[in-house]
Amino acid sequence: MASSAAAGGSASVRTEAATLVARGQALEAIKLVRERTGMGLKEAKDYVDALAEGQRAGAADPRRPLEDPRLRPAVAAMLAQGQHDEAMRLIQRVSGCSIEAARHYIDQVRRG
């Protein structure tokens with residue numbers, strides 16, 4: 001469920017969440033962000049709060065650092081050495097994402 005949005009639909013999620021925020025439906029926006037991205041409650045709330053404050057949502061998006069081309073090879077190397085937990089911690093430290101999002105990222109790396 002969250003994989004397709006996290007992989008490529010972040011602009012759509014941002015647009016839909018911003019529309020809900022503009023209508024005063026912040027709770028619905030948080031639910032939408034969580035369902036579509038796999039973010040945890042705190043991350044989704046922070047994301048929606050950033051939208052409500054008029055900040056650029058990409059700056060509050062904990063998945064943005066996952067686009068860093070240096071992260072994938074580092075995670076792949078850790079996984080090849082059986083360091084799954086360390087890879088999870090690295091992903092979370094770099095991106096600030098939820099455990100669910102880190103797991104999804106590891107699945108993507110394993111698939112190639």
# chains A, B, ... in the order shown; residues from 1 in each chain; ligands from 1
$ residues_around --residues "Glu53 in chain A" --least-positions-apart "5" --cutoff "12 Å" --atoms "only C-alpha atoms" --output "list in words"
Ala18, Val21, Ala22, Ala26, Asp46, Tyr47, Val48 and Ala60 of chain A
$ write_last_selection --atoms "C-alpha atoms" --output "PDB file, in the first residue's frame"
ATOM      1  CA  ALA A  18      -2.046  20.478   1.324  1.00  0.00           C
ATOM      2  CA  VAL A  21      -4.906  21.271   5.350  1.00  0.00           C
ATOM      3  CA  ALA A  22      -6.309  24.272   3.470  1.00  0.00           C
ATOM      4  CA  ALA A  26      -5.403  18.332   9.324  1.00  0.00           C
ATOM      5  CA  ASP A  46       5.407  16.967  11.417  1.00  0.00           C
ATOM      6  CA  TYR A  47       4.941  16.820   7.643  1.00  0.00           C
ATOM      7  CA  VAL A  48       1.365  18.119   7.851  1.00  0.00           C
ATOM      8  CA  ALA A  60       9.899  18.134   6.180  1.00  0.00           C
TER       9      ALA A  60
END
$ residues_around --residues "Ser98 in chain A" --least-positions-apart "3" --cutoff "8 Å" --atoms "only C-alpha atoms" --output "list in words"
Gly38, Met39, Gly40, Glu43, Gln92, Ala101 and Ala102 of chain A
$ write_last_selection --atoms "N, CA, C and O atoms" --output "PDB file, in the first residue's frame"
ATOM      1  N   GLY A  38       3.584   5.334   4.499  1.00  0.00           N
ATOM      2  CA  GLY A  38       4.125   4.451   5.516  1.00  0.00           C
ATOM      3  C   GLY A  38       4.805   5.197   6.655  1.00  0.00           C
ATOM      4  O   GLY A  38       5.446   4.593   7.507  1.00  0.00           O
ATOM      5  N   MET A  39       4.685   6.523   6.681  1.00  0.00           N
ATOM      6  CA  MET A  39       5.279   7.296   7.771  1.00  0.00           C
ATOM      7  C   MET A  39       4.618   6.924   9.086  1.00  0.00           C
ATOM      8  O   MET A  39       3.452   6.551   9.127  1.00  0.00           O
ATOM      9  N   GLY A  40       5.364   7.083  10.152  1.00  0.00           N
ATOM     10  CA  GLY A  40       4.815   6.937  11.481  1.00  0.00           C
ATOM     11  C   GLY A  40       3.972   8.162  11.822  1.00  0.00           C
ATOM     12  O   GLY A  40       3.971   9.157  11.089  1.00  0.00           O
ATOM     13  N   GLU A  43       6.071  11.468  12.261  1.00  0.00           N
ATOM     14  CA  GLU A  43       6.595  11.988  10.991  1.00  0.00           C
ATOM     15  C   GLU A  43       5.480  12.599  10.152  1.00  0.00           C
ATOM     16  O   GLU A  43       5.645  13.675   9.576  1.00  0.00           O
ATOM     17  N   GLN A  92      17.547   5.189   9.075  1.00  0.00           N
ATOM     18  CA  GLN A  92      16.781   6.060   9.966  1.00  0.00           C
ATOM     19  C   GLN A  92      17.585   7.285  10.393  1.00  0.00           C
ATOM     20  O   GLN A  92      17.039   8.380  10.496  1.00  0.00           O
ATOM     21  N   ALA A 101       9.262   2.691   6.878  1.00  0.00           N
ATOM     22  CA  ALA A 101       9.870   3.251   5.674  1.00  0.00           C
ATOM     23  C   ALA A 101      11.274   2.690   5.461  1.00  0.00           C
ATOM     24  O   ALA A 101      11.675   2.409   4.326  1.00  0.00           O
ATOM     25  N   ALA A 102      12.021   2.489   6.544  1.00  0.00           N
ATOM     26  CA  ALA A 102      13.363   1.904   6.432  1.00  0.00           C
ATOM     27  C   ALA A 102      13.277   0.473   5.920  1.00  0.00           C
ATOM     28  O   ALA A 102      14.064   0.057   5.068  1.00  0.00           O
TER      29      ALA A 102
END
$ atom_distance --atom1 "CA of Val94 in chain A" --atom2 "CA of Glu16 in chain A"
26.4 Å
$ residues_around --residues "Ala76 in chain A" --least-positions-apart "5" --cutoff "12 Å" --atoms "only C-alpha atoms" --output "list of chain:residue names"
A:Pro69, A:Arg70, A:Leu71, A:Gln81, A:Gly82, A:Gln83, A:His84, A:Glu86, A:Ala87, A:Met88, A:Leu90, A:Ile91, A:Tyr105, A:Ile106, A:Asp107, A:Gln108, A:Val109, A:Arg110, A:Arg111, A:Gly112
$ write_last_selection --atoms "N, CA, C and O atoms" --output "CSV table (one decimal), in the first residue's frame"
chain,number,residue,atom,x,y,z
A,69,PRO,N,22.2,9.3,-3.6
A,69,PRO,CA,22.7,8.2,-4.3
A,69,PRO,C,23.8,7.5,-3.5
A,69,PRO,O,24.1,6.3,-3.8
A,70,ARG,N,24.3,8.1,-2.5
A,70,ARG,CA,25.4,7.4,-1.7
A,70,ARG,C,24.8,6.4,-0.7
A,70,ARG,O,25.5,5.6,-0.2
A,71,LEU,N,23.5,6.6,-0.3
A,71,LEU,CA,22.9,5.7,0.7
A,71,LEU,C,22.7,4.3,0.2
A,71,LEU,O,23.0,3.3,0.9
A,81,GLN,N,26.8,-8.0,4.0
A,81,GLN,CA,27.6,-8.5,5.2
A,81,GLN,C,26.8,-9.0,6.3
A,81,GLN,O,27.2,-9.3,7.4
A,82,GLY,N,25.4,-9.0,6.1
A,82,GLY,CA,24.5,-9.5,7.1
A,82,GLY,C,24.2,-8.5,8.2
A,82,GLY,O,23.8,-8.9,9.3
A,83,GLN,N,24.5,-7.3,7.9
A,83,GLN,CA,24.3,-6.2,8.9
A,83,GLN,C,22.9,-5.5,8.7
A,83,GLN,O,22.9,-4.3,8.6
A,84,HIS,N,21.9,-6.3,8.8
A,84,HIS,CA,20.5,-5.7,8.6
A,84,HIS,C,20.2,-4.6,9.6
A,84,HIS,O,19.7,-3.6,9.2
A,86,GLU,N,22.1,-2.8,11.4
A,86,GLU,CA,22.9,-1.6,11.2
A,86,GLU,C,22.5,-0.8,10.0
A,86,GLU,O,22.4,0.5,10.0
A,87,ALA,N,22.0,-1.5,9.0
A,87,ALA,CA,21.5,-0.8,7.8
A,87,ALA,C,20.2,-0.1,8.1
A,87,ALA,O,20.0,1.1,7.7
A,88,MET,N,19.4,-0.7,8.9
A,88,MET,CA,18.1,0.0,9.4
A,88,MET,C,18.5,1.3,10.1
A,88,MET,O,17.9,2.3,9.9
A,90,LEU,N,21.2,3.1,10.0
A,90,LEU,CA,21.8,4.1,9.1
A,90,LEU,C,20.7,4.8,8.3
A,90,LEU,O,20.7,6.0,8.2
A,91,ILE,N,19.8,4.0,7.8
A,91,ILE,CA,18.7,4.7,7.0
A,91,ILE,C,17.9,5.6,7.9
A,91,ILE,O,17.6,6.8,7.5
A,105,TYR,N,12.6,0.6,2.3
A,105,TYR,CA,13.8,0.9,1.5
A,105,TYR,C,14.7,-0.3,1.4
A,105,TYR,O,15.3,-0.5,0.3
A,106,ILE,N,14.9,-1.0,2.5
A,106,ILE,CA,15.8,-2.2,2.4
A,106,ILE,C,15.2,-3.2,1.4
A,106,ILE,O,15.9,-3.8,0.6
A,107,ASP,N,13.9,-3.4,1.4
A,107,ASP,CA,13.3,-4.3,0.4
A,107,ASP,C,13.6,-3.8,-1.0
A,107,ASP,O,13.9,-4.6,-1.9
A,108,GLN,N,13.6,-2.5,-1.3
A,108,GLN,CA,13.9,-2.0,-2.6
A,108,GLN,C,15.3,-2.2,-2.9
A,108,GLN,O,15.6,-2.6,-4.1
A,109,VAL,N,16.2,-2.1,-2.0
A,109,VAL,CA,17.6,-2.3,-2.2
A,109,VAL,C,17.9,-3.8,-2.6
A,109,VAL,O,18.6,-4.1,-3.5
A,110,ARG,N,17.2,-4.7,-1.8
A,110,ARG,CA,17.4,-6.1,-2.1
A,110,ARG,C,16.8,-6.5,-3.4
A,110,ARG,O,17.4,-7.4,-4.1
A,111,ARG,N,15.8,-5.9,-3.9
A,111,ARG,CA,15.2,-6.2,-5.2
A,111,ARG,C,16.1,-5.6,-6.4
A,111,ARG,O,16.0,-6.1,-7.5
A,112,GLY,N,17.0,-4.7,-6.0
A,112,GLY,CA,17.9,-4.1,-7.0
A,112,GLY,C,17.3,-2.9,-7.6
A,112,GLY,O,17.4,-2.2,-8.3
$ residues_around --residues "Leu20 in chain A" --least-positions-apart "6" --cutoff "12 Å" --atoms "only C-alpha atoms" --output "short mmCIF file (atom, residue, chain, number, x, y, z; two decimals) with N, CA and C atoms, in the first residue's frame"
data_model
loop_
_atom_site.label_atom_id
_atom_site.label_comp_id
_atom_site.auth_asym_id
_atom_site.auth_seq_id
_atom_site.Cartn_x
_atom_site.Cartn_y
_atom_site.Cartn_z
N VAL A 13 0.82 13.09 -2.98
CA VAL A 13 0.50 13.07 -1.56
C VAL A 13 0.60 14.48 -0.99
N ARG A 14 1.67 15.18 -1.35
CA ARG A 14 1.87 16.55 -0.88
C ARG A 14 0.70 17.43 -1.31
N ALA A 26 -6.77 18.79 9.04
CA ALA A 26 -5.40 18.33 9.32
C ALA A 26 -5.36 16.86 9.71
N LEU A 27 -6.32 16.40 10.49
CA LEU A 27 -6.33 14.98 10.88
C LEU A 27 -6.48 14.08 9.67
N GLU A 28 -7.33 14.46 8.74
CA GLU A 28 -7.49 13.68 7.50
C GLU A 28 -6.20 13.71 6.69
N ALA A 29 -5.51 14.85 6.70
CA ALA A 29 -4.24 14.96 5.98
C ALA A 29 -3.20 14.03 6.60
N ILE A 30 -3.15 13.96 7.92
CA ILE A 30 -2.21 13.06 8.60
C ILE A 30 -2.52 11.61 8.24
N LYS A 31 -3.79 11.25 8.26
CA LYS A 31 -4.19 9.88 7.89
C LYS A 31 -3.76 9.57 6.45
N LEU A 32 -4.00 10.50 5.55
CA LEU A 32 -3.63 10.31 4.15
C LEU A 32 -2.13 10.08 4.00
N VAL A 33 -1.34 10.94 4.65
CA VAL A 33 0.12 10.83 4.55
C VAL A 33 0.58 9.49 5.12
N VAL A 48 2.59 17.34 8.01
CA VAL A 48 1.36 18.12 7.85
C VAL A 48 1.50 19.47 8.55
N ASP A 49 2.16 19.51 9.70
CA ASP A 49 2.39 20.78 10.38
C ASP A 49 3.22 21.72 9.49
N LEU A 51 3.25 21.73 6.26
CA LEU A 51 2.34 22.22 5.23
C LEU A 51 1.47 23.35 5.78
N ALA A 52 0.97 23.15 6.98
CA ALA A 52 0.09 24.15 7.60
C ALA A 52 0.82 25.46 7.85
#
$ atom_distance --atom1 "CA of Ala17 in chain A" --atom2 "CA of Arg34 in chain A"
10.6 Å
$ atom_distance --atom1 "CA of Lys45 in chain A" --atom2 "CA of Cys97 in chain A"
12.6 Å
